[in-house]
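One file, work21.cif, carrying mmCIF, C-alpha atoms:
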data_model
#
loop_
_atom_site.label_atom_id
_atom_site.label_comp_id
_atom_site.auth_asym_id
_atom_site.auth_seq_id
_atom_site.Cartn_x
_atom_site.Cartn_y
_atom_site.Cartn_z
CA MET A 5 245.36 -12.92 -103.45
CA LYS A 6 242.73 -15.25 -102.07
CA LYS A 7 243.08 -13.58 -98.67
CA TYR A 8 242.39 -10.17 -100.17
CA THR A 9 239.33 -11.49 -101.98
CA TYR A 10 237.88 -12.83 -98.72
CA LEU A 11 238.62 -9.57 -96.92
CA LEU A 12 236.93 -7.64 -99.69
CA VAL A 13 233.82 -9.82 -99.52
CA VAL A 14 233.61 -9.51 -95.73
CA ALA A 15 234.11 -5.75 -95.94
CA MET A 16 231.32 -5.46 -98.49
CA LEU A 17 228.99 -7.54 -96.32
CA LEU A 18 229.75 -5.37 -93.30
CA LEU A 19 229.08 -2.26 -95.30
CA PHE A 20 225.83 -3.72 -96.48
CA ALA A 21 224.79 -4.52 -92.90
CA ALA A 22 225.91 -1.22 -91.48
CA GLY A 23 224.28 1.09 -93.98
CA GLU A 24 222.27 4.10 -92.87
CA THR A 25 218.81 2.71 -92.23
CA HIS A 26 216.39 5.29 -90.98
CA ALA A 27 212.83 4.06 -91.42
CA GLN A 28 212.13 6.75 -93.93
CA VAL A 29 215.68 7.68 -94.71
CA GLY A 30 217.96 6.37 -92.04
CA LYS A 31 216.32 4.91 -88.92
CA ARG A 32 216.55 1.18 -88.42
CA ALA A 33 213.48 0.65 -86.28
CA TYR A 34 209.98 0.89 -87.61
CA MET A 35 206.49 0.47 -86.28
CA ASN A 36 203.10 0.26 -87.99
CA ILE A 37 199.83 0.56 -86.17
CA GLY A 38 196.28 0.92 -87.37
CA TRP A 39 192.98 -0.48 -88.41
CA GLN A 40 192.55 -3.99 -89.79
CA PHE A 41 189.73 -4.99 -92.09
CA ASN A 42 189.50 -8.75 -92.01
CA GLY A 43 187.69 -11.20 -94.26
CA ALA A 44 187.07 -14.71 -93.02
CA PHE A 45 186.32 -17.40 -95.59
CA HIS A 46 186.44 -21.16 -96.21
CA ASN A 47 184.85 -22.05 -92.90
CA ASP A 48 181.32 -22.99 -91.82
CA PHE A 49 181.07 -20.50 -88.98
CA VAL A 50 181.38 -16.97 -90.29
CA GLN A 51 182.07 -15.86 -93.83
CA ASN A 52 182.21 -12.13 -94.25
CA VAL A 53 184.49 -9.11 -94.19
CA GLN A 54 184.38 -6.69 -91.28
CA GLY A 55 186.53 -4.01 -89.80
CA TYR A 56 186.43 -4.71 -86.07
CA GLY A 57 190.17 -5.15 -85.79
CA ALA A 58 193.52 -3.50 -85.20
CA TYR A 59 197.17 -4.33 -85.67
CA LEU A 60 200.57 -3.46 -84.33
CA GLN A 61 203.77 -4.53 -85.99
CA ASN A 62 207.32 -3.38 -85.52
CA GLY A 63 210.79 -4.39 -86.54
CA TYR A 64 214.41 -3.56 -86.94
CA TYR A 65 216.36 -3.38 -90.20
CA LEU A 66 219.43 -5.59 -89.97
CA THR A 67 220.43 -4.41 -93.41
CA PRO A 68 219.02 -1.50 -95.43
CA LEU A 69 216.44 -3.84 -96.90
CA LEU A 70 215.92 -6.76 -94.54
CA ALA A 71 214.20 -6.47 -91.15
CA ILE A 72 213.11 -8.81 -88.42
CA GLY A 73 210.24 -7.88 -86.19
CA SER A 74 207.13 -8.89 -84.37
CA PHE A 75 203.42 -8.46 -84.90
CA SER A 76 200.14 -8.67 -83.06
CA HIS A 77 196.65 -8.13 -84.34
CA PHE A 78 193.07 -9.00 -83.62
CA SER A 79 189.88 -9.15 -85.62
CA ASN A 80 186.20 -9.84 -85.08
CA ASN A 81 183.83 -11.21 -87.70
CA GLU A 82 180.16 -11.21 -86.78
CA GLN A 83 177.26 -12.86 -88.52
CA TYR A 84 173.59 -12.93 -87.65
CA LEU A 85 171.55 -16.00 -88.55
CA GLU A 86 167.79 -15.74 -88.83
CA LYS A 87 165.53 -17.95 -86.76
CA GLN A 88 165.94 -21.64 -87.61
CA THR A 89 164.84 -24.95 -86.16
CA TYR A 90 167.72 -27.24 -85.32
CA PRO A 91 166.81 -30.94 -85.01
CA LEU A 92 168.56 -32.59 -82.08
CA GLU A 93 168.87 -36.14 -80.76
CA ASN A 94 165.79 -38.14 -79.73
CA SER A 95 163.39 -35.95 -81.77
CA ALA A 96 164.24 -32.91 -79.67
CA ALA A 97 164.36 -29.57 -81.51
CA LEU A 98 165.57 -26.05 -80.86
CA THR A 99 164.26 -22.95 -82.60
CA THR A 100 166.15 -19.71 -82.22
CA ASP A 101 168.03 -17.00 -84.05
CA THR A 102 171.76 -16.83 -83.42
CA GLN A 103 174.55 -14.32 -83.51
CA ARG A 104 178.00 -15.64 -84.27
CA ASN A 105 181.31 -13.97 -83.60
CA LEU A 106 184.73 -15.20 -84.65
CA TYR A 107 187.48 -13.49 -82.67
CA GLN A 108 191.05 -14.02 -83.79
CA ASN A 109 194.23 -12.79 -82.15
CA ALA A 110 197.59 -13.65 -83.69
CA PHE A 111 201.11 -12.71 -82.70
CA GLY A 112 204.68 -13.76 -83.38
CA PRO A 113 207.86 -12.88 -85.28
CA SER A 114 208.05 -11.48 -88.79
CA LEU A 115 210.53 -11.03 -91.60
CA ARG A 116 210.28 -7.99 -93.90
CA LEU A 117 212.05 -7.16 -97.12
CA ARG A 118 211.56 -3.66 -98.48
CA LEU A 119 212.45 -2.90 -102.07
CA TRP A 120 214.27 0.36 -101.33
CA PRO A 121 214.75 2.66 -98.31
CA LEU A 122 213.17 5.76 -99.82
CA GLU A 123 210.12 7.87 -99.02
CA VAL A 124 207.84 5.29 -100.56
CA GLN A 125 208.84 1.85 -99.39
CA PRO A 126 207.06 -1.14 -100.87
CA TYR A 127 207.74 -4.33 -98.96
CA ILE A 128 206.90 -7.99 -98.70
CA GLU A 129 206.62 -9.64 -95.32
CA VAL A 130 206.11 -13.08 -93.86
CA LYS A 131 204.58 -13.55 -90.43
CA MET A 132 204.57 -16.74 -88.41
CA GLY A 133 203.36 -17.34 -84.93
CA ALA A 134 200.43 -18.41 -82.80
CA GLU A 135 196.75 -17.65 -83.12
CA TYR A 136 194.11 -17.69 -80.42
CA ALA A 137 190.58 -17.94 -81.75
CA VAL A 138 187.18 -17.86 -80.05
CA ALA A 139 184.08 -18.93 -81.95
CA SER A 140 181.08 -17.66 -79.96
CA THR A 141 177.46 -18.46 -80.71
CA TYR A 142 174.94 -16.24 -78.97
CA PHE A 143 171.28 -17.23 -78.79
CA SER A 144 168.61 -15.85 -76.53
CA SER A 145 170.33 -15.40 -73.15
CA TYR A 146 172.96 -18.04 -73.80
CA VAL A 147 176.37 -18.31 -75.41
CA LEU A 148 178.43 -21.25 -76.57
CA ARG A 149 182.15 -20.68 -76.93
CA ALA A 150 184.79 -22.79 -78.65
CA THR A 151 188.35 -21.63 -78.08
CA SER A 152 191.39 -22.89 -79.94
CA TRP A 153 195.09 -22.27 -80.43
CA GLY A 154 196.91 -22.83 -83.69
CA PHE A 155 199.96 -22.15 -85.79
CA TYR A 156 199.67 -18.95 -87.84
CA VAL A 157 201.33 -17.97 -91.11
CA SER A 158 200.64 -14.89 -93.22
CA PRO A 159 202.27 -13.37 -96.31
CA GLU A 160 201.76 -9.64 -96.64
CA ILE A 161 202.59 -6.99 -99.20
CA GLY A 162 202.39 -3.35 -98.34
CA VAL A 163 203.83 0.06 -98.60
CA THR A 164 204.93 2.70 -96.12
CA TYR A 165 205.06 6.32 -97.15
CA TYR A 166 207.00 8.98 -95.28
CA PRO A 167 205.98 12.29 -96.87
CA ASP A 168 208.23 14.43 -94.71
CA PRO A 169 211.89 13.33 -94.54
CA ASP A 170 212.34 15.26 -91.31
CA SER A 171 209.50 13.50 -89.54
CA ASP A 172 209.14 10.00 -88.12
CA ALA A 173 205.50 9.74 -89.08
CA GLY A 174 204.16 8.18 -92.23
CA LEU A 175 201.32 6.15 -93.65
CA HIS A 176 200.98 2.41 -93.92
CA LEU A 177 198.86 0.29 -96.25
CA ALA A 178 199.03 -3.47 -96.67
CA VAL A 179 197.06 -6.45 -97.91
CA TYR A 180 197.47 -9.92 -96.48
CA TYR A 181 196.38 -13.50 -96.54
CA SER A 182 196.57 -15.68 -93.45
CA TYR A 183 196.07 -19.26 -92.53
CA SER A 184 196.02 -20.75 -89.07
CA THR A 185 195.65 -24.35 -87.95
CA ASN A 186 192.93 -23.54 -85.38
CA THR A 187 190.33 -26.23 -85.85
CA ASP A 188 186.84 -26.86 -84.61
CA ALA A 189 185.16 -30.14 -85.54
CA ASP A 190 181.83 -28.51 -86.34
CA PHE A 191 182.66 -25.17 -87.91
CA HIS A 192 186.22 -24.95 -89.18
CA PRO A 193 187.69 -28.45 -89.32
CA HIS A 194 190.47 -27.43 -91.73
CA GLY A 195 191.74 -24.30 -90.05
CA LEU A 196 190.98 -20.62 -90.55
CA ASN A 197 191.59 -18.66 -93.74
CA ASN A 198 191.52 -14.89 -93.86
CA TRP A 199 192.34 -12.06 -96.15
CA GLY A 200 192.13 -8.37 -95.63
CA PHE A 201 193.86 -5.06 -95.60
CA LYS A 202 195.49 -2.77 -93.07
CA LEU A 203 195.44 0.98 -92.97
CA GLY A 204 197.40 2.89 -90.42
CA VAL A 205 200.35 5.01 -89.51
CA ALA A 206 204.04 4.23 -89.73
CA PHE A 207 206.84 5.42 -87.48
CA MET B 23 210.03 7.37 -80.33
CA LYS B 24 209.98 5.32 -77.15
CA LYS B 25 207.04 7.27 -75.81
CA ILE B 26 205.11 6.77 -79.02
CA PHE B 27 205.89 3.06 -78.94
CA TYR B 28 204.63 2.54 -75.40
CA PHE B 29 201.60 4.71 -76.03
CA THR B 30 200.59 2.76 -79.12
CA LEU B 31 201.37 -0.57 -77.47
CA GLY B 32 199.07 0.36 -74.62
CA LEU B 33 196.45 1.49 -77.08
CA VAL B 34 196.45 -1.82 -78.90
CA LEU B 35 196.33 -3.81 -75.67
CA ALA B 36 193.42 -1.72 -74.52
CA VAL B 37 191.33 -2.45 -77.56
CA ALA B 38 192.47 -6.01 -78.34
CA CYS B 39 189.35 -7.47 -76.85
CA GLU B 40 186.62 -9.67 -78.10
CA LYS B 41 183.54 -7.95 -79.39
CA GLU B 42 180.42 -8.91 -77.48
CA PRO B 43 176.93 -8.31 -78.79
CA ALA B 44 174.42 -6.45 -76.67
CA ILE B 45 172.31 -8.46 -74.24
CA MET B 46 169.23 -8.63 -76.34
CA ASP B 47 167.48 -10.99 -78.62
CA PRO B 48 167.64 -9.49 -82.12
CA ASP B 49 164.38 -10.99 -83.42
CA ARG B 50 162.57 -10.53 -80.09
CA GLU B 51 161.22 -14.05 -80.24
CA PHE B 52 161.54 -16.61 -77.49
CA LEU B 53 163.86 -19.55 -77.86
CA VAL B 54 161.84 -22.75 -78.23
CA TYR B 55 163.17 -26.11 -77.13
CA THR B 56 161.07 -29.27 -77.21
CA GLU B 57 161.81 -32.83 -76.28
CA PRO B 58 159.64 -35.97 -76.01
CA SER B 59 160.31 -38.82 -73.64
CA PRO B 60 162.06 -41.79 -75.25
CA ASN B 61 159.64 -44.08 -77.12
CA PHE B 62 156.84 -41.53 -77.03
CA ASP B 63 153.84 -42.84 -78.99
CA SER B 64 150.95 -40.48 -79.63
CA THR B 65 148.58 -43.38 -80.41
CA ALA B 66 148.58 -44.25 -76.69
CA TYR B 67 146.76 -41.01 -75.86
CA THR B 68 143.43 -39.58 -76.99
CA SER B 69 142.29 -37.11 -74.34
CA PHE B 70 143.86 -34.39 -72.24
CA TYR B 71 143.10 -32.43 -69.12
CA LEU B 72 143.99 -28.75 -68.72
CA PRO B 73 144.02 -27.10 -65.29
CA ASP B 74 142.68 -23.57 -64.81
CA SER B 75 145.93 -22.10 -63.50
CA ILE B 76 149.65 -21.98 -64.14
CA LEU B 77 152.42 -22.16 -61.57
CA VAL B 78 154.48 -18.97 -61.33
CA MET B 79 157.98 -19.30 -59.93
CA SER B 80 160.43 -16.45 -59.45
CA ASN B 81 163.68 -15.77 -57.67
CA ALA B 82 162.10 -12.60 -56.33
CA ARG B 83 158.96 -13.96 -54.64
CA GLU B 84 157.20 -17.10 -53.40
CA PRO B 85 155.69 -19.49 -55.96
CA TYR B 86 151.96 -19.23 -56.53
CA TYR B 87 149.25 -20.41 -58.91
CA SER B 88 147.89 -17.81 -61.26
CA THR B 89 144.48 -17.71 -62.91
CA SER B 90 145.02 -14.26 -64.40
CA TYR B 91 144.05 -13.13 -67.87
CA TYR B 92 147.58 -13.87 -69.04
CA ALA B 93 147.58 -17.35 -67.48
CA THR B 94 144.28 -18.11 -69.17
CA ALA B 95 145.64 -16.88 -72.51
CA LEU B 96 148.64 -19.21 -72.29
CA LEU B 97 146.48 -22.16 -71.22
CA GLY B 98 144.13 -21.44 -74.10
CA GLN B 99 146.99 -21.51 -76.59
CA VAL B 100 148.07 -24.95 -75.36
CA ARG B 101 144.48 -26.16 -75.49
CA ASP B 102 144.00 -24.99 -79.07
CA ASN B 103 147.17 -26.69 -80.23
CA LEU B 104 146.34 -29.98 -78.50
CA LYS B 105 142.89 -29.93 -80.06
CA GLY B 106 144.43 -29.09 -83.40
CA PHE B 107 146.63 -32.16 -83.09
CA GLY B 108 143.57 -34.37 -82.60
CA TYR B 109 143.25 -34.69 -78.82
CA THR B 110 139.97 -34.31 -76.96
CA GLN B 111 139.69 -32.14 -73.89
CA VAL B 112 138.07 -33.67 -70.80
CA THR B 113 137.11 -31.91 -67.59
CA ASP B 114 137.72 -34.79 -65.19
CA PRO B 115 141.42 -35.61 -64.67
CA ALA B 116 140.48 -39.23 -64.02
CA ASP B 117 139.28 -39.55 -67.63
CA ALA B 118 142.37 -37.96 -69.18
CA ASP B 119 145.26 -39.72 -70.90
CA LEU B 120 147.42 -36.60 -70.87
CA GLY B 121 147.66 -33.76 -68.42
CA ALA B 122 149.08 -30.39 -69.38
CA ARG B 123 151.05 -28.38 -66.85
CA LEU B 124 152.38 -24.88 -67.38
CA ILE B 125 155.08 -23.28 -65.27
CA TYR B 126 156.04 -19.64 -65.72
CA LEU B 127 159.57 -18.90 -64.62
CA GLU B 128 160.78 -15.40 -63.93
CA ARG B 129 164.31 -14.45 -63.09
CA LEU B 130 165.49 -11.05 -62.05
CA ASP B 131 169.17 -10.34 -62.59
CA ARG B 132 171.17 -7.41 -61.42
CA TYR B 133 173.72 -6.27 -63.96
CA TYR B 134 176.94 -4.35 -63.62
CA HIS B 135 177.70 -1.99 -66.41
CA TYR B 136 180.47 0.31 -67.59
CA TYR B 137 179.49 3.93 -67.75
CA VAL B 138 182.47 5.26 -69.59
CA ASN B 139 183.22 2.60 -72.19
CA PRO B 140 181.25 0.95 -74.95
CA PHE B 141 179.76 -1.99 -73.12
CA TRP B 142 180.67 -4.47 -75.80
CA TRP B 143 184.32 -4.22 -74.89
CA TRP B 144 183.77 -6.08 -71.65
CA GLY B 145 186.60 -8.13 -70.31
CA CYS B 146 189.41 -5.79 -71.23
CA PRO B 147 192.01 -5.62 -68.50
CA GLY B 148 192.94 -2.31 -67.02
CA TYR B 149 189.95 -0.20 -67.95
CA PRO B 150 189.17 2.37 -65.30
CA ALA B 151 185.54 1.67 -64.68
CA ASP B 152 182.80 2.78 -62.40
CA TRP B 153 181.51 -0.56 -61.19
CA SER B 154 178.06 -0.28 -59.78
CA PRO B 155 174.78 -2.05 -60.43
CA ASP B 156 172.99 0.20 -62.85
CA TYR B 157 170.20 -1.80 -64.37
CA LEU B 158 168.07 -4.84 -63.83
CA ARG B 159 167.13 -7.39 -66.39
CA THR B 160 164.37 -9.91 -66.28
CA GLY B 161 164.41 -13.19 -68.08
CA SER B 162 161.28 -15.20 -68.37
CA ALA B 163 160.43 -18.68 -69.54
CA LEU B 164 157.42 -20.88 -69.88
CA VAL B 165 157.71 -24.62 -69.39
CA VAL B 166 154.89 -26.67 -70.87
CA GLU B 167 154.71 -30.30 -69.87
CA LEU B 168 152.46 -33.12 -70.97
CA LEU B 169 152.04 -35.78 -68.29
CA ASP B 170 151.18 -39.40 -68.81
CA MET B 171 147.91 -39.93 -66.89
CA VAL B 172 147.08 -43.32 -68.38
CA GLY B 173 146.65 -46.00 -65.70
CA GLU B 174 148.65 -45.91 -62.49
CA PRO B 175 151.09 -43.07 -61.80
CA SER B 176 154.59 -44.01 -62.88
CA GLN B 177 157.94 -42.92 -61.51
CA PRO B 178 158.13 -39.62 -59.61
CA VAL B 179 159.63 -36.72 -61.49
CA PRO B 180 162.24 -34.59 -59.75
CA PHE B 181 161.55 -30.85 -59.35
CA SER B 182 157.82 -31.05 -59.78
CA GLN B 183 157.23 -33.92 -57.31
CA SER B 184 154.52 -35.07 -59.64
CA LEU B 185 153.44 -38.67 -59.52
CA TYR B 186 153.04 -38.63 -63.28
CA SER B 187 155.86 -38.90 -65.74
CA VAL B 188 156.53 -36.19 -68.29
CA VAL B 189 156.15 -37.46 -71.84
CA TRP B 190 156.79 -34.15 -73.60
CA MET B 191 158.19 -30.83 -72.53
CA ALA B 192 158.68 -27.46 -74.14
CA TYR B 193 160.91 -24.67 -72.86
CA LEU B 194 160.14 -21.20 -74.21
CA GLY B 195 162.44 -18.54 -72.88
CA GLY B 196 164.47 -15.42 -73.37
CA PRO B 197 164.93 -11.87 -72.19
CA ALA B 198 161.69 -10.36 -70.96
CA SER B 199 160.50 -7.01 -72.20
CA THR B 200 159.01 -4.29 -70.05
CA SER B 201 155.52 -5.31 -71.10
CA LEU B 202 154.00 -8.51 -69.76
CA TYR B 203 151.25 -8.24 -72.35
CA TYR B 204 153.82 -8.23 -75.15
CA ASP B 205 155.70 -11.13 -73.56
CA VAL B 206 152.54 -13.21 -73.33
CA LEU B 207 151.85 -12.55 -77.01
CA ARG B 208 155.35 -13.74 -77.82
CA MET B 209 154.85 -16.79 -75.62
CA GLN B 210 151.65 -17.65 -77.45
CA ASP B 211 153.62 -17.61 -80.72
CA ALA B 212 156.30 -19.72 -79.07
CA ILE B 213 153.69 -22.27 -77.94
CA ASP B 214 152.56 -22.58 -81.56
CA GLN B 215 156.18 -23.08 -82.62
CA ALA B 216 156.65 -25.76 -79.95
CA PHE B 217 153.86 -27.80 -81.49
CA VAL B 218 155.01 -27.12 -85.06
CA GLN B 219 158.44 -28.56 -84.29
CA SER B 220 156.91 -31.61 -82.52
CA PRO B 221 154.98 -33.34 -85.34
CA TYR B 222 155.17 -36.70 -83.51
CA LEU B 223 152.49 -35.37 -81.12
CA LYS B 224 149.89 -35.49 -83.86
CA LYS B 225 147.16 -38.09 -83.59
#

Would you kindly transcribe this structure into structure tokens?
Amino acid sequence: MKKYTYLLVVAMLLLFAAGETHAQVGKRAYMNIGWQFNGAFHNDFVQNVQGYGAYLQNGYYLTPLLAIGSFSHFSNNEQYLEKQTYPLENSAALTTDTQRNLYQNAFGPSLRLRLWPLEVQPYIEVKMGAEYAVASTYFSSYVLRATSWGFYVSPEIGVTYYPDPDSDAGLHLAVYYSYSTNTDADFHPHGLNNWGFKLGVAF
Amino acid sequence: MKKIFYFTLGLVLAVACEKEPAIMDPDREFLVYTEPSPNFDSTAYTSFYLPDSILVMSNAREPYYSTSYYATALLGQVRDNLKGFGYTQVTDPADADLGARLIYLERLDRYYHYYVNPFWWWGCPGYPADWSPDYLRTGSALVVELLDMVGEPSQPVPFSQSLYSVVWMAYLGGPASTSLYYDVLRMQDAIDQAFVQSPYLKK
């Protein structure tokens, strides 16, 4: 009897894993691509929300609801600072206006759980990976750059909508929070925090 | 599906570049950097000597001394500020405690520019681009130095080959405009700023 119970459990698991998993109705693979509007906060370099970014994420449903995948995105957050006088060592001083730009590029694996494989598919996703960040300060004809690498983690909730069951194309909308361990002693000593939303297409 | 994937992947790679601001100074004002020599003491000086010309140095022509209207305007601005700080102008260098020296630096740069892409996406790999020099940019700077002319000449100073040591310097620089008249006006403002941010010069 025990043997039959085990067989039944294994058979159910296999069925669960082998279900029809089109992205909209049955496909297993999915891809989202689009525009990323990123907000940078909790740092001393740039604190604003701007839309100079894009994202690409894709994955494969191992079961009808659970997918593994990968992601890559970038964002730019710019901030202009009016003319200021900066006191330096030995009574030296520098007066200039500055333009700051925080460029972030993150990539790595992801894990997605959708609530149901229907036309409208809400999901939650966790991303982990690496982030490359460049904090550039432009003043007059000069630029100072501070580059850093860090560990990246981001929870995301979103929804994909496939209006036509016979088509691969759909819409994608998501909101996210991210934290990376990229540090800079002067401007972001405790890492980089971001939030934002993504708007794009889904295949 | 595969075609769409590679197309979108290429698209993301093509735009995943850092955003660069235009080569321009947003507030159109020159950067001002000032620095005194260590242990500078304004009480050691009461008078100053101002020459009737400024040295013009450029990467496009031989150095020369200028007594033009613009040179006189810049010299006058330094004179007014030194007088405002409590120093007395003398006409004989032998009677002066301080000597002012002005050097106008001009640099002509040849820039390479994309014709077909927004120029702030520089650095992206794989862009088909028409590389050719398409515009010239001039950067200009004014260096103002105060020389210690009290007693015997001290240690030689590199670059200028002066027998007098520099006790204070100001660097005023940035992208030049197409109008020298306008640039000189901006430099006069920058000279004022150089003195404002050097209160230790006051008598």

Notebook entry, point to check: To one decimal place, how far is atom CA of Phe75 of chain A from atom CA of Pro159 of chain A in Å?
Noted result: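 One can read the atom CA of Phe75 of chain A to atom CA of Pro159 of chain A distance as 12.5 Å.
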
For Leu96 of chain B, find every residue with an atom within 8 Å (counting only C-alpha atoms), except residues of its own chain fewer than 3 positions away, and show them as a short mmCIF file (atom, residue, chain, number, x, y, z; two decimals) with C-alpha atoms, in the coordinates of the input.
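What ended up in selection.cif:
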data_model
loop_
_atom_site.label_atom_id
_atom_site.label_comp_id
_atom_site.auth_asym_id
_atom_site.auth_seq_id
_atom_site.Cartn_x
_atom_site.Cartn_y
_atom_site.Cartn_z
CA TYR B 92 147.58 -13.87 -69.04
CA ALA B 93 147.58 -17.35 -67.48
CA GLN B 99 146.99 -21.51 -76.59
CA VAL B 100 148.07 -24.95 -75.36
CA VAL B 206 152.54 -13.21 -73.33
CA MET B 209 154.85 -16.79 -75.62
CA GLN B 210 151.65 -17.65 -77.45
#

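Each of A:Gly133, A:Gly57, A:Asp168, A:Ala139 was checked against Phe155 of chain A using all atoms listed in the file; the smallest atom-to-atom distance is that of A:Gly133.
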
Check: What do you get, as an MDAnalysis selection string, if you spell out every residue that the PyMOL selection byres ((chain A) within 10 of (chain B)) selects here?
Finding: chainID A and resid 33:38 56:62 76:82 84:87 89:109 137:138 140 142:146 172 207

Next item on the list: Using atom CA of Trp39 of chain A and atom CA of Gln54 of chain A as the two end points, give the distance in Å to one decimal.
Entry: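 Calculated distance between atom CA of Trp39 of chain A and atom CA of Gln54 of chain A is 11.0 Å.
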
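Summary of the local environment: counting all atoms listed in the file, residues at most 10 Å from Thr94 of chain B, other than itself and those fewer than 5 positions away along its chain, are Pro73, Asp74, Ser75, Ile76, Ser88, Thr89, Gln99 and Val100 of chain B.
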